[in-house]
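These notes concern the structure reproduced below.
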Amino acid sequence: MSSISGTTDAVVSFGEGTLRPSRSASARLQRLLHQRPILGPIAVLLLAIAVFSLVSDRFLAAANLGLVLAQVTVIATLALGQTLVILTAGIDLSVGAIAVFTSILMANASHGLGVPGPVALLVGLVLGTLMGAVNGLLVTRLKLPPFIVTLGTLSIFFSLNAVVSRSETIRGTDMSPVLTWTGTTFPIGDFRITYGSIIMLALFGVFVYVLSSTAWGKHVYATGDDIEAARLAGIRTNRVLLSVYVVAGLVYAVGAWILMGRLGSASPNVGVEYNLDSITAVVLGGTSLFGGRGLVAGTLVGALIVGVFRNGLQLGGVDVVWQGLAIGVLVLIAVAIDQWIRKVRA
């Protein structure tokens, strides 16, 4: 009888004529999350929304949801550029420095030099892209680790930011309205949304397509998954890596434009937490810190998770210190889950 009952844990493979153990529920979940990494972040986001809607009846109000989206717009944009770098198994610690320095350069071009708003914006986009290119050249030409390179440029760009700005904030009224236009809101029913949020969502839409449907996107994933195998397959990995840092710099510059609209000014004293927040959004969104796996759509979900948690905990009267603790715990759990998913068996 024991031998008969033991067969309940096996399935018959008619093609091979052998018995194989059935997959456990955890193994099936592990494989599902490996194949569809965005499902985990979506589940966490929906659960958080459900819980906080019970904690506070104000959470699902249109005004509050609009506030959550506005609050995550800058971080989500910066996290998009960070995602591109992390997909190649790198990391960018200069993201906040590039965004803040770019905003100061645009504001100074408009206010200090009298450059027309559209030209000042274009100058900022070009300079932000060049800062990303500096990171890429140091990584690809000097073969320095991305962590060390971006740690160094973090200090350089923040120092230059202090020199150029003289640690003074430039008000929005002192610069071209073009530079703060991204903070303008418009209604959709009872819901108010900023133009900056529209730009952010459009960027995510573009990169969802680029990474999934273009050769460049496939090369980014291949380089991050196994750079040596990608090189042997004919992919010019150094060119791919350089292009990723260049594109990331451009995205950070767009984030700087959105930041100016969000603040209604250009301040040299913000952005200290942007590096950690952008990495947090990427990790919570299911992108592997080891490269080669993840989706930019997941990064958007990850940024929303951070925004929902902070907003919901605030509405629940939780002290800001404990809010940070909750986000930190989420990050550790996300990294642990990523490690578990990477061990999936064929």
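Each chain in the structure tokens gets a letter, A, B and so on, in the order shown; residues start at 1 in every chain, and ligands are counted from 1 in the order they appear.
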
I'd like the contact shell of A:Gly217 - 12 Å cut-off, only C-alpha atoms, skipping same-chain residues fewer than 5 positions apart - returned as a CSV table (one decimal) with N, CA and C atoms, in the first residue's frame.
```csv
chain,number,residue,atom,x,y,z
A,84,LEU,N,18.3,51.0,-17.0
A,84,LEU,CA,19.1,50.6,-18.2
A,84,LEU,C,20.5,50.2,-17.7
A,87,LEU,N,20.5,46.8,-15.9
A,87,LEU,CA,20.3,45.7,-16.8
A,87,LEU,C,21.6,45.2,-17.4
A,88,THR,N,22.6,46.1,-17.4
A,88,THR,CA,23.9,45.7,-17.9
A,88,THR,C,24.8,45.2,-16.8
A,206,VAL,N,8.1,54.5,-24.4
A,206,VAL,CA,9.1,54.4,-25.4
A,206,VAL,C,10.1,53.3,-25.1
A,207,PHE,N,10.6,53.2,-23.8
A,207,PHE,CA,11.6,52.2,-23.5
A,207,PHE,C,11.0,50.8,-23.3
A,208,VAL,N,9.8,50.7,-23.1
A,208,VAL,CA,9.1,49.3,-23.1
A,208,VAL,C,9.3,48.8,-24.5
A,209,TYR,N,9.0,49.6,-25.5
A,209,TYR,CA,9.1,49.2,-26.9
A,209,TYR,C,10.6,48.9,-27.3
A,210,VAL,N,11.4,49.9,-26.9
A,210,VAL,CA,12.8,49.8,-27.4
A,210,VAL,C,13.5,48.6,-26.8
A,211,LEU,N,13.3,48.3,-25.5
A,211,LEU,CA,14.0,47.1,-24.9
A,211,LEU,C,13.4,45.8,-25.4
A,212,SER,N,12.1,45.8,-25.8
A,212,SER,CA,11.5,44.5,-26.1
A,212,SER,C,11.5,44.2,-27.6
A,222,ALA,N,21.5,41.0,-23.3
A,222,ALA,CA,22.5,40.0,-23.6
A,222,ALA,C,23.8,40.4,-22.9
A,223,THR,N,24.2,41.6,-22.9
A,223,THR,CA,25.4,42.1,-22.3
A,223,THR,C,25.3,42.0,-20.8
A,224,GLY,N,24.2,42.3,-20.2
A,224,GLY,CA,24.0,42.2,-18.8
A,224,GLY,C,24.0,40.8,-18.3
A,235,ILE,N,28.3,40.7,-30.5
A,235,ILE,CA,27.8,42.0,-30.0
A,235,ILE,C,29.0,42.9,-29.5
A,240,VAL,N,27.7,49.0,-26.6
A,240,VAL,CA,26.4,48.8,-25.9
A,240,VAL,C,26.4,49.5,-24.6
A,241,LEU,N,27.5,49.2,-23.8
A,241,LEU,CA,27.6,49.8,-22.5
A,241,LEU,C,27.7,51.3,-22.5
A,243,SER,N,26.6,53.3,-24.9
A,243,SER,CA,25.3,53.8,-25.3
A,243,SER,C,24.3,53.8,-24.1
A,244,VAL,N,24.4,52.8,-23.3
A,244,VAL,CA,23.5,52.8,-22.1
A,244,VAL,C,23.7,54.0,-21.2
A,292,GLY,N,20.8,41.6,-16.8
A,292,GLY,CA,20.2,40.6,-17.7
A,292,GLY,C,18.7,40.3,-17.6
A,293,ARG,N,18.1,40.7,-16.5
A,293,ARG,CA,16.7,40.3,-16.3
A,293,ARG,C,16.0,41.5,-15.6
A,294,GLY,N,14.8,41.8,-16.1
A,294,GLY,CA,14.0,42.8,-15.6
A,294,GLY,C,13.2,43.6,-16.7
A,295,LEU,N,12.3,44.4,-16.3
A,295,LEU,CA,11.5,45.2,-17.2
A,295,LEU,C,11.4,46.6,-16.7
A,296,VAL,N,11.4,47.6,-17.6
A,296,VAL,CA,11.2,49.0,-17.2
A,296,VAL,C,9.8,49.2,-16.7
```

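The residue set within 10 Å of A:Ser56, counting only C-alpha atoms and dropping same-chain residues fewer than 2 places from it, reads Val51, Phe52, Ser53, Leu54, Arg58, Phe59, Leu60, Ala61, Gly312, Leu313, Gln314, Leu315, Gly316 and Gly317 of chain A.
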
Can you write just those residues out, N, CA and C atoms, as an mmCIF file, in the first residue's frame?
```
data_model
loop_
_atom_site.group_PDB
_atom_site.id
_atom_site.type_symbol
_atom_site.label_atom_id
_atom_site.label_comp_id
_atom_site.auth_asym_id
_atom_site.auth_seq_id
_atom_site.Cartn_x
_atom_site.Cartn_y
_atom_site.Cartn_z
ATOM 1 N N VAL A 51 -4.623 47.543 1.418
ATOM 2 C CA VAL A 51 -4.410 47.738 2.855
ATOM 3 C C VAL A 51 -4.568 49.201 3.236
ATOM 4 N N PHE A 52 -3.928 50.109 2.481
ATOM 5 C CA PHE A 52 -3.968 51.524 2.856
ATOM 6 C C PHE A 52 -5.333 52.150 2.597
ATOM 7 N N SER A 53 -6.117 51.569 1.692
ATOM 8 C CA SER A 53 -7.483 52.065 1.504
ATOM 9 C C SER A 53 -8.350 51.747 2.718
ATOM 10 N N LEU A 54 -7.967 50.688 3.449
ATOM 11 C CA LEU A 54 -8.671 50.354 4.688
ATOM 12 C C LEU A 54 -8.157 51.194 5.865
ATOM 13 N N ARG A 58 -9.178 58.439 2.991
ATOM 14 C CA ARG A 58 -8.702 59.481 2.079
ATOM 15 C C ARG A 58 -7.738 58.944 1.037
ATOM 16 N N PHE A 59 -7.268 57.711 1.231
ATOM 17 C CA PHE A 59 -6.210 57.195 0.367
ATOM 18 C C PHE A 59 -6.645 57.117 -1.094
ATOM 19 N N LEU A 60 -7.843 56.621 -1.362
ATOM 20 C CA LEU A 60 -8.304 56.440 -2.736
ATOM 21 C C LEU A 60 -8.958 57.681 -3.324
ATOM 22 N N ALA A 61 -8.929 58.793 -2.594
ATOM 23 C CA ALA A 61 -9.476 60.040 -3.131
ATOM 24 C C ALA A 61 -8.656 60.470 -4.343
ATOM 25 N N GLY A 312 0.652 56.141 2.175
ATOM 26 C CA GLY A 312 -0.265 55.412 3.044
ATOM 27 C C GLY A 312 0.163 55.434 4.499
ATOM 28 N N LEU A 313 1.459 55.275 4.746
ATOM 29 C CA LEU A 313 1.958 55.314 6.117
ATOM 30 C C LEU A 313 1.799 56.711 6.720
ATOM 31 N N GLN A 314 1.971 57.732 5.879
ATOM 32 C CA GLN A 314 1.793 59.097 6.359
ATOM 33 C C GLN A 314 0.333 59.355 6.731
ATOM 34 N N LEU A 315 -0.571 58.902 5.881
ATOM 35 C CA LEU A 315 -1.999 59.050 6.195
ATOM 36 C C LEU A 315 -2.365 58.261 7.443
ATOM 37 N N GLY A 316 -1.649 57.157 7.685
ATOM 38 C CA GLY A 316 -1.908 56.352 8.875
ATOM 39 C C GLY A 316 -1.247 56.913 10.123
ATOM 40 N N GLY A 317 -0.544 58.051 9.992
ATOM 41 C CA GLY A 317 0.075 58.685 11.150
ATOM 42 C C GLY A 317 1.386 58.073 11.581
#
```

(request) Pick out the residues sitting within 7 Å of stretch 127-144 of chain A, and hand them over as a ChimeraX atom specification; count only C-alpha atoms, and ignore anything fewer than 4 positions along from it in its own chain. (result) /A:98,102,123,148-150,238,241-242,245-250,252-253

(request) May I ask which of the residues A:Gly172, A:Gly90, A:Gly189, A:Gly291 is the closest one to A:Gly261, counting only C-alpha atoms? (result)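 Checking each of A:Gly172, A:Gly90, A:Gly189, A:Gly291 against A:Gly261, counting only C-alpha atoms, the winner is A:Gly172.
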
(request) List every residue of stretch 33-263 of chain A that DSSP, applied to the backbone of this structure, assigns to helix (DSSP H, G or I), and report them as a ChimeraX atom specification. (result) /A:33-35,39-55,62-87,95-111,117-140,146-165,172-174,177-183,195-213,215-225,227-232,237-263

(request) Find the spatial neighbours of A:Gly285, counting only C-alpha atoms, within a cut-off of 6 Å - ignore same-chain residues fewer than 4 positions away - and output them as a VMD selection string. (result) chain A and resid 41 281 298 to 299 301 to 302

Keeping N, CA and C atoms, export the residues of the selection given above as a PDB file, in the first residue's frame.
```
ATOM      1  N   PRO A  41       5.922  42.504  -8.272  1.00  0.00           N
ATOM      2  CA  PRO A  41       5.705  43.903  -7.931  1.00  0.00           C
ATOM      3  C   PRO A  41       4.250  44.339  -8.058  1.00  0.00           C
ATOM      4  N   ALA A 281      13.479  51.729  -6.381  1.00  0.00           N
ATOM      5  CA  ALA A 281      12.394  51.521  -7.346  1.00  0.00           C
ATOM      6  C   ALA A 281      12.740  50.414  -8.331  1.00  0.00           C
ATOM      7  N   GLY A 298       8.303  47.279 -14.770  1.00  0.00           N
ATOM      8  CA  GLY A 298       8.412  46.903 -13.369  1.00  0.00           C
ATOM      9  C   GLY A 298       8.994  48.030 -12.534  1.00  0.00           C
ATOM     10  N   THR A 299       9.907  48.806 -13.113  1.00  0.00           N
ATOM     11  CA  THR A 299      10.480  49.944 -12.395  1.00  0.00           C
ATOM     12  C   THR A 299       9.411  50.978 -12.074  1.00  0.00           C
ATOM     13  N   VAL A 301       6.262  50.332 -11.613  1.00  0.00           N
ATOM     14  CA  VAL A 301       5.492  49.732 -10.516  1.00  0.00           C
ATOM     15  C   VAL A 301       6.265  49.869  -9.203  1.00  0.00           C
ATOM     16  N   GLY A 302       7.586  49.655  -9.251  1.00  0.00           N
ATOM     17  CA  GLY A 302       8.406  49.787  -8.057  1.00  0.00           C
ATOM     18  C   GLY A 302       8.367  51.190  -7.488  1.00  0.00           C
TER      19      GLY A 302
END
```

(message) If I take atom CA of A:Gln339 and atom CA of A:Trp216, how far is one from the other in Å, to one decimal?
(response) 26.6 Å

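Closest approach to A:Val308 from the set A:Val126, A:Asp225, A:Val270, A:Leu45 is made by A:Leu45, with distances taken over only C-alpha atoms.
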
(request) Within 6 Å of stretch 271-277 of chain A, counting only C-alpha atoms, which residues show up once you throw out same-chain ones fewer than 6 positions away? Write them as a PyMOL selection string, please. (result) chain A and resi 93+95-96

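With only C-alpha atoms as the atoms that count, the minimum distance from A:Ala50 to the choices A:Ala230, A:Thr182, A:Phe309, A:Ala27 is reached by A:Phe309.
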
(message) Can you tell me which residues surround A:Gly196 at a distance of at most 9 Å, considering only C-alpha atoms, apart from same-chain residues fewer than 3 positions away, and format the answer as a VMD selection string?
(response) chain A and resid 70 73 to 74 181 to 185 193 199 to 201 255 257 to 259 261 to 262

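Rounded to one decimal, atom CA of A:Ser103 and atom CA of A:Ala256 lie 5.1 Å from each other.
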
(message) What does the structure give for the distance between atom CA of A:Gly114 and atom CA of A:Met175, in Å to one decimal?
(response) 8.5 Å

(request) Could you give me the residues within stretch 140-318 of chain A that DSSP places in strand (DSSP E or B), as a VMD selection string? (result) chain A and resid 170 to 171 185 to 188 191 to 194 265 to 266
